[in-house]
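Engineer: Handing over structure_16.tsv, TSV, C-alpha atoms and all ligand atoms.
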chain	number	residue	atom	x	y	z
T	1	MET	CA	-64.68	95.59	-150.80
T	2	PHE	CA	-64.24	95.43	-154.58
T	3	SER	CA	-61.14	94.36	-156.46
T	4	VAL	CA	-59.85	96.44	-159.39
T	5	TRP	CA	-61.44	93.93	-161.74
T	6	GLU	CA	-64.83	94.12	-160.11
T	7	ILE	CA	-64.73	97.93	-160.07
T	8	GLU	CA	-64.39	97.95	-163.87
T	9	LEU	CA	-67.42	95.69	-164.21
T	10	LEU	CA	-69.32	97.87	-161.77
T	11	GLN	CA	-68.40	100.97	-163.77
T	12	SER	CA	-69.72	99.31	-166.94
T	13	LEU	CA	-72.99	98.67	-165.19
T	14	LEU	CA	-73.18	102.14	-163.63
T	15	SER	CA	-72.49	103.84	-166.97
T	16	ILE	CA	-75.73	102.31	-168.16
T	17	VAL	CA	-77.71	102.78	-164.97
T	18	VAL	CA	-76.83	106.47	-164.48
T	19	ASN	CA	-77.50	107.55	-168.08
T	20	PRO	CA	-81.23	107.05	-168.48
T	21	PRO	CA	-82.82	108.17	-171.78
T	22	LEU	CA	-84.32	111.71	-171.92
T	23	LEU	CA	-88.05	111.23	-172.38
T	24	GLY	CA	-89.12	114.89	-172.77
T	25	ALA	CA	-91.44	114.56	-169.82
T	26	THR	CA	-91.03	114.42	-166.09
T	27	ASN	CA	-87.66	112.87	-165.42
T	28	SER	CA	-87.80	109.42	-164.01
T	29	TRP	CA	-85.53	106.40	-163.87
T	30	SER	CA	-86.04	103.70	-166.44
T	31	TRP	CA	-84.19	100.47	-167.19
T	32	ARG	CA	-83.60	100.16	-170.94
T	33	HIS	CA	-82.76	96.48	-170.88
T	34	ASP	CA	-86.20	95.12	-170.06
T	35	SER	CA	-89.48	95.78	-171.85
T	36	SER	CA	-91.07	96.69	-168.51
T	37	GLU	CA	-88.34	99.36	-167.99
T	38	ILE	CA	-88.12	98.09	-164.44
T	39	PHE	CA	-84.73	97.01	-163.13
T	40	SER	CA	-84.34	93.44	-161.97
T	41	VAL	CA	-81.29	91.37	-161.14
T	42	LYS	CA	-82.35	88.86	-163.79
T	43	SER	CA	-82.51	91.46	-166.57
T	44	ALA	CA	-79.15	92.93	-165.44
T	45	TYR	CA	-77.62	89.44	-165.58
T	46	LEU	CA	-79.08	88.83	-169.05
T	47	MET	CA	-77.82	92.21	-170.21
T	48	LEU	CA	-74.30	91.65	-168.85
T	49	THR	CA	-74.07	88.22	-170.46
T	50	SER	CA	-75.71	89.09	-173.78
T	51	GLY	CA	-72.93	91.25	-175.21
T	52	VAL	CA	-74.87	94.53	-174.86
T	53	VAL	CA	-71.98	95.85	-172.77
T	54	HIS	CA	-69.11	95.99	-175.27
T	55	ASN	CA	-66.30	94.82	-173.05
T	56	GLY	CA	-65.75	91.35	-174.39
T	57	VAL	CA	-68.76	89.76	-172.73
T	58	ASP	CA	-70.43	87.39	-175.14
T	59	SER	CA	-72.85	84.53	-175.23
T	60	LEU	CA	-70.11	82.07	-174.36
T	61	LEU	CA	-69.97	83.50	-170.88
T	62	ALA	CA	-73.61	82.82	-170.22
T	63	ARG	CA	-72.71	79.12	-170.25
T	64	VAL	CA	-70.38	79.45	-167.25
T	65	TRP	CA	-72.94	80.01	-164.57
T	66	LYS	CA	-75.09	76.91	-164.27
T	67	SER	CA	-72.70	74.55	-162.52
T	68	TRP	CA	-72.17	72.28	-159.53
T	69	ALA	CA	-68.99	74.24	-158.69
T	70	PRO	CA	-68.98	76.75	-155.80
T	71	SER	CA	-70.00	80.28	-156.75
T	72	LYS	CA	-66.55	81.76	-156.02
T	73	VAL	CA	-65.05	79.29	-158.51
T	74	ILE	CA	-67.67	80.09	-161.14
T	75	VAL	CA	-67.04	83.82	-160.72
T	76	PHE	CA	-63.32	83.18	-161.12
T	77	SER	CA	-63.95	81.28	-164.39
T	78	TRP	CA	-66.10	84.13	-165.64
T	79	GLN	CA	-63.39	86.68	-164.87
T	80	LEU	CA	-60.80	84.42	-166.49
T	81	LEU	CA	-62.73	84.20	-169.76
T	82	LEU	CA	-62.92	88.00	-169.71
T	83	ASP	CA	-59.14	88.19	-169.08
T	84	ARG	CA	-59.80	90.04	-165.84
T	85	VAL	CA	-57.75	87.97	-163.46
T	86	PRO	CA	-54.51	89.43	-162.08
T	87	THR	CA	-52.02	87.57	-164.24
T	88	ARG	CA	-48.62	89.23	-164.35
T	89	GLN	CA	-49.36	90.49	-167.88
T	90	ASN	CA	-52.47	92.23	-166.59
T	91	LEU	CA	-50.59	93.60	-163.58
T	92	LEU	CA	-48.01	95.03	-165.99
T	93	ARG	CA	-50.75	96.59	-168.13
T	94	ARG	CA	-52.18	98.22	-165.02
T	95	ARG	CA	-48.74	99.33	-163.86
T	96	VAL	CA	-48.94	97.31	-160.68
T	97	ILE	CA	-45.77	95.70	-162.04
T	98	ARG	CA	-43.41	98.26	-163.64
T	99	ASP	CA	-40.64	96.03	-164.89
T	100	PRO	CA	-41.57	93.82	-167.90
T	101	SER	CA	-39.18	91.16	-166.65
T	102	GLY	CA	-41.48	90.80	-163.64
T	103	ALA	CA	-44.34	89.77	-165.92
T	104	LEU	CA	-42.91	86.38	-166.83
T	105	CYS	CA	-44.85	83.19	-166.09
T	106	ALA	CA	-44.67	82.03	-162.46
T	107	PHE	CA	-44.39	78.40	-163.60
T	108	CYS	CA	-41.75	78.49	-166.35
T	109	GLY	CA	-40.32	82.02	-166.29
T	110	ALA	CA	-39.90	81.81	-170.06
T	111	SER	CA	-42.96	83.59	-171.47
T	112	VAL	CA	-45.16	86.53	-170.53
T	113	GLU	CA	-47.78	85.39	-168.06
T	114	ALA	CA	-50.87	85.92	-170.25
T	115	ILE	CA	-54.00	83.87	-169.58
T	116	ASP	CA	-53.58	81.68	-172.68
T	117	HIS	CA	-50.01	80.88	-171.66
T	118	LEU	CA	-50.57	80.42	-167.93
T	119	PHE	CA	-53.69	78.29	-168.27
T	120	ILE	CA	-53.12	76.44	-171.55
T	121	THR	CA	-49.80	76.50	-173.36
T	122	CYS	CA	-47.21	76.67	-170.54
T	123	GLY	CA	-45.16	73.45	-170.68
T	124	SER	CA	-46.32	71.74	-167.49
T	125	ILE	CA	-49.88	73.08	-167.76
T	126	SER	CA	-50.48	71.62	-171.21
T	127	LEU	CA	-49.57	68.24	-169.66
T	128	VAL	CA	-52.22	68.84	-166.99
T	129	TRP	CA	-54.91	69.20	-169.65
T	130	TYR	CA	-53.57	66.14	-171.45
T	131	SER	CA	-53.79	64.12	-168.20
T	132	ILE	CA	-57.27	65.43	-167.39
T	133	PHE	CA	-58.58	64.34	-170.77
T	134	ARG	CA	-56.89	60.96	-170.48
T	135	TRP	CA	-58.64	60.56	-167.10
T	136	LEU	CA	-61.90	61.35	-168.84
T	137	GLY	CA	-61.15	58.80	-171.56
T	138	PHE	CA	-60.50	61.27	-174.37
T	139	HIS	CA	-57.57	62.22	-176.51
T	140	PHE	CA	-57.90	65.96	-176.83
T	141	VAL	CA	-55.82	68.18	-179.08
T	142	SER	CA	-55.92	71.37	-177.09
T	143	PRO	CA	-56.69	74.68	-178.75
T	144	MET	CA	-54.13	77.37	-177.93
T	145	SER	CA	-56.56	79.72	-176.19
T	146	ILE	CA	-58.52	79.62	-172.97
T	147	ARG	CA	-61.77	80.30	-174.81
T	148	GLY	CA	-61.02	77.57	-177.31
T	149	VAL	CA	-60.55	75.01	-174.55
T	150	PHE	CA	-63.70	76.23	-172.81
T	151	GLN	CA	-65.65	75.80	-176.05
T	152	GLY	CA	-64.21	72.30	-176.33
T	153	PHE	CA	-65.60	71.43	-172.90
T	154	LEU	CA	-68.98	72.86	-173.82
T	155	ALA	CA	-69.05	70.84	-177.04
T	156	LEU	CA	-68.38	67.58	-175.18
T	157	GLY	CA	-71.35	67.99	-172.85
T	158	LEU	CA	-74.37	66.40	-174.49
T	159	GLY	CA	-77.45	66.46	-172.28
T	160	ARG	CA	-78.00	68.36	-169.05
T	161	LYS	CA	-75.99	66.21	-166.63
T	162	SER	CA	-73.18	65.71	-169.11
T	163	ARG	CA	-72.93	69.47	-169.64
T	164	LEU	CA	-72.81	70.00	-165.88
T	165	GLY	CA	-70.18	67.27	-165.52
T	166	TRP	CA	-67.84	68.61	-168.18
T	167	LEU	CA	-68.28	72.15	-166.93
T	168	LEU	CA	-67.44	70.97	-163.41
T	169	ILE	CA	-64.12	69.56	-164.62
T	170	TRP	CA	-63.40	72.81	-166.44
T	171	HIS	CA	-64.04	74.87	-163.30
T	172	ALA	CA	-61.98	72.52	-161.12
T	173	THR	CA	-59.04	72.60	-163.55
T	174	VAL	CA	-58.74	76.36	-164.00
T	175	TRP	CA	-59.26	76.84	-160.26
T	176	ALA	CA	-56.47	74.35	-159.44
T	177	ILE	CA	-54.10	75.98	-161.94
T	178	TRP	CA	-54.76	79.42	-160.49
T	179	ASN	CA	-54.25	78.26	-156.91
T	180	SER	CA	-51.01	76.54	-157.90
T	181	GLN	CA	-49.78	79.78	-159.48
T	182	ASN	CA	-50.57	81.55	-156.21
T	183	ASP	CA	-48.80	78.82	-154.22
T	184	VAL	CA	-45.72	79.20	-156.37
T	185	ILE	CA	-45.69	82.98	-155.91
T	186	PHE	CA	-46.79	83.43	-152.31
T	187	ALA	CA	-45.79	80.20	-150.59
T	188	SER	CA	-42.66	79.40	-152.58
T	189	GLY	CA	-44.32	76.16	-153.60
T	190	THR	CA	-43.66	74.08	-156.64
T	191	VAL	CA	-46.04	72.72	-159.22
T	192	SER	CA	-46.20	69.15	-160.42
T	193	VAL	CA	-48.56	67.79	-163.04
T	194	GLU	CA	-49.53	64.85	-160.81
T	195	SER	CA	-50.42	66.99	-157.78
T	196	LEU	CA	-52.43	69.38	-159.92
T	197	VAL	CA	-54.40	66.56	-161.53
T	198	ASP	CA	-54.97	65.04	-158.06
T	199	LYS	CA	-56.38	68.38	-156.88
T	200	VAL	CA	-58.74	68.49	-159.86
T	201	ASN	CA	-59.92	64.92	-159.15
T	202	LEU	CA	-60.55	65.62	-155.50
T	203	SER	CA	-62.14	69.06	-155.69
T	204	SER	CA	-64.42	68.12	-158.61
T	205	TRP	CA	-65.56	65.02	-156.69
T	206	LYS	CA	-66.32	67.07	-153.55
T	207	TRP	CA	-68.35	69.58	-155.56
T	208	TYR	CA	-70.10	66.78	-157.46
T	209	LEU	CA	-70.81	64.93	-154.21
T	210	ALA	CA	-72.60	67.95	-152.77
T	211	LYS	CA	-75.36	67.34	-155.33
T	212	ASN	CA	-74.95	63.67	-156.29
T	213	PRO	CA	-74.06	60.55	-154.29
T	214	SER	CA	-70.84	58.96	-155.51
T	215	SER	CA	-67.72	57.33	-154.08
T	216	PHE	CA	-64.32	58.85	-154.74
T	217	TYR	CA	-63.23	55.51	-156.20
T	218	GLU	CA	-66.01	55.63	-158.82
T	219	TRP	CA	-65.23	59.23	-159.58
T	220	GLU	CA	-61.52	58.63	-159.90
T	221	VAL	CA	-61.97	55.61	-162.16
T	222	HIS	CA	-64.70	56.88	-164.48
T	223	PRO	CA	-66.28	60.26	-163.78
T	224	ILE	CA	-68.32	60.20	-166.98
T	225	LEU	CA	-70.14	57.06	-165.80
T	226	CYS	CA	-70.98	58.86	-162.55
T	227	TRP	CA	-72.74	61.75	-164.24
T	228	SER	CA	-74.28	59.50	-166.91
T	229	ARG	CA	-76.31	57.50	-164.38
W	301	ZN	ZN	-45.10	79.26	-168.33
Transcribe the structure of this file into structure tokens.
Structural biologist:
Amino acid sequence: MFSVWEIELLQSLLSIVVNPPLLGATNSWSWRHDSSEIFSVKSAYLMLTSGVVHNGVDSLLARVWKSWAPSKVIVFSWQLLLDRVPTRQNLLRRRVIRDPSGALCAFCGASVEAIDHLFITCGSISLVWYSIFRWLGFHFVSPMSIRGVFQGFLALGLGRKSRLGWLLIWHATVWAIWNSQNDVIFASGTVSVESLVDKVNLSSWKWYLAKNPSSFYEWEVHPILCWSR
């Protein structure tokens, strides 16, 4: 079953697949996005992440995929960078929510729940990023947009393992924030900076551990040393 968000992506793909060029000869299917004109998953992936589809996909997104994080988390990050996750602002745009007052942030209730607010600038969430960077040994002045923060993470990863490490923390953080928003809405939970940072520590370590031996103590004390070995 597809979600609304996935259906839009599918429609973008189908609009290309079902409109083959007229060749003036016997009609046949051809795939315009590979020199062989033969469809492959790889060429479709490259097309979708190269900005050929004009729906906000750009080269930045191609950097999301190669990660130690689980695939469902990576897909979530990808949808987030495209602003295709069901924030309350997006639900209002799609008329799932009719009343604008229902589109306020689940955490603070003071601003519209847009991705940049929910994931970056909301009061308690900005403290989460501050704490994450302090854990990593950095003082980071956060950009005000989700893409800006993502670019910051990409810039800090120098070398293959470092890139994977920083990207892992990015995935774990946005995933924890999103799950906390869901907890607040659906389970009447509350959000605390400490518990969110703890979740990021633990989930990133579990995902890291699946590919690299490391103790939680080492990870909690100095994750950068773990992925620098
Ligand atoms: Zn808020």
Engineer: Hey, which residues come within 8 Å of ligand ZN 301 (chain W) if we count all atoms listed in the file? Could you give them as a short mmCIF file (atom, residue, chain, number, x, y, z; two decimals) with C-alpha atoms, in the frame of the given file?
Structural biologist:
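And here's pocket26.cif as it stands now:
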data_model
loop_
_atom_site.label_atom_id
_atom_site.label_comp_id
_atom_site.auth_asym_id
_atom_site.auth_seq_id
_atom_site.Cartn_x
_atom_site.Cartn_y
_atom_site.Cartn_z
CA LEU T 104 -42.91 86.38 -166.83
CA CYS T 105 -44.85 83.19 -166.09
CA ALA T 106 -44.67 82.03 -162.46
CA PHE T 107 -44.39 78.40 -163.60
CA CYS T 108 -41.75 78.49 -166.35
CA GLY T 109 -40.32 82.02 -166.29
CA ALA T 110 -39.90 81.81 -170.06
CA SER T 111 -42.96 83.59 -171.47
CA VAL T 112 -45.16 86.53 -170.53
CA GLU T 113 -47.78 85.39 -168.06
CA HIS T 117 -50.01 80.88 -171.66
CA LEU T 118 -50.57 80.42 -167.93
CA THR T 121 -49.80 76.50 -173.36
CA CYS T 122 -47.21 76.67 -170.54
CA GLY T 123 -45.16 73.45 -170.68
CA SER T 124 -46.32 71.74 -167.49
CA ILE T 125 -49.88 73.08 -167.76
#
Engineer: Using all atoms listed in the file, which residues sit within 10 Å of Ser228 in chain T once same-chain residues fewer than 5 positions away are excluded, as number ranges by chain?
Structural biologist: T: 159-162, 165, 223
Engineer: Mind dumping the selected residues with C-alpha atoms as a JSON list (two decimals), in the frame of the given file?
Structural biologist:
[["chain", "number", "residue", "atom", "x", "y", "z"],
["T", 159, "GLY", "CA", -77.45, 66.46, -172.28],
["T", 160, "ARG", "CA", -78.00, 68.36, -169.05],
["T", 161, "LYS", "CA", -75.99, 66.21, -166.63],
["T", 162, "SER", "CA", -73.18, 65.71, -169.11],
["T", 165, "GLY", "CA", -70.18, 67.27, -165.52],
["T", 223, "PRO", "CA", -66.28, 60.26, -163.78]]
Engineer: To one decimal place, how far is CA of Ile224 in chain T from CA of Trp135 in chain T in Å?
Structural biologist: 9.7 Å
Engineer: Taking (-61.6, 66.8, -176.2) in the file's coordinates, which residues come within 10 Å, counting only C-alpha atoms, written as an mmCIF file with C-alpha atoms, keeping the file's coordinate frame?
Structural biologist:
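File produced: result04.cif:
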data_model
loop_
_atom_site.group_PDB
_atom_site.id
_atom_site.type_symbol
_atom_site.label_atom_id
_atom_site.label_comp_id
_atom_site.auth_asym_id
_atom_site.auth_seq_id
_atom_site.Cartn_x
_atom_site.Cartn_y
_atom_site.Cartn_z
ATOM 1 C CA TRP T 129 -54.910 69.200 -169.650
ATOM 2 C CA TYR T 130 -53.570 66.140 -171.450
ATOM 3 C CA ILE T 132 -57.270 65.430 -167.390
ATOM 4 C CA PHE T 133 -58.580 64.340 -170.770
ATOM 5 C CA ARG T 134 -56.890 60.960 -170.480
ATOM 6 C CA LEU T 136 -61.900 61.350 -168.840
ATOM 7 C CA GLY T 137 -61.150 58.800 -171.560
ATOM 8 C CA PHE T 138 -60.500 61.270 -174.370
ATOM 9 C CA HIS T 139 -57.570 62.220 -176.510
ATOM 10 C CA PHE T 140 -57.900 65.960 -176.830
ATOM 11 C CA VAL T 141 -55.820 68.180 -179.080
ATOM 12 C CA SER T 142 -55.920 71.370 -177.090
ATOM 13 C CA PRO T 143 -56.690 74.680 -178.750
ATOM 14 C CA VAL T 149 -60.550 75.010 -174.550
ATOM 15 C CA GLN T 151 -65.650 75.800 -176.050
ATOM 16 C CA GLY T 152 -64.210 72.300 -176.330
ATOM 17 C CA PHE T 153 -65.600 71.430 -172.900
ATOM 18 C CA LEU T 154 -68.980 72.860 -173.820
ATOM 19 C CA ALA T 155 -69.050 70.840 -177.040
ATOM 20 C CA LEU T 156 -68.380 67.580 -175.180
#
Engineer: Got a sec: who's within 9 Å of Ser214 in chain T, counting only C-alpha atoms, leaving out chain neighbours fewer than 4 positions off, as a ChimeraX atom specification?
Structural biologist: /T:205,208-209,218-219,226
Engineer: Using all atoms listed in the file for the distances, tell me which of T:Leu91, T:Leu158, T:Leu196, T:Leu82 is nearest to Trp175 in chain T.
Structural biologist: T:Leu196
Engineer: Report the distance between CA of Trp227 in chain T and CA of Lys211 in chain T in Å, rounded to one decimal place.
Structural biologist: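 Straight-line distance from CA of Trp227 in chain T to CA of Lys211 in chain T works out to 10.8 Å.
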Engineer: So which residues are close to (-53.2, 90.8, -167.1), meaning at most 12 Å away in the file's coordinates with only C-alpha atoms counted, and can you show them as a PyMOL selection string?
Structural biologist: chain T and resi 4-5+79-97+103-105+112-118
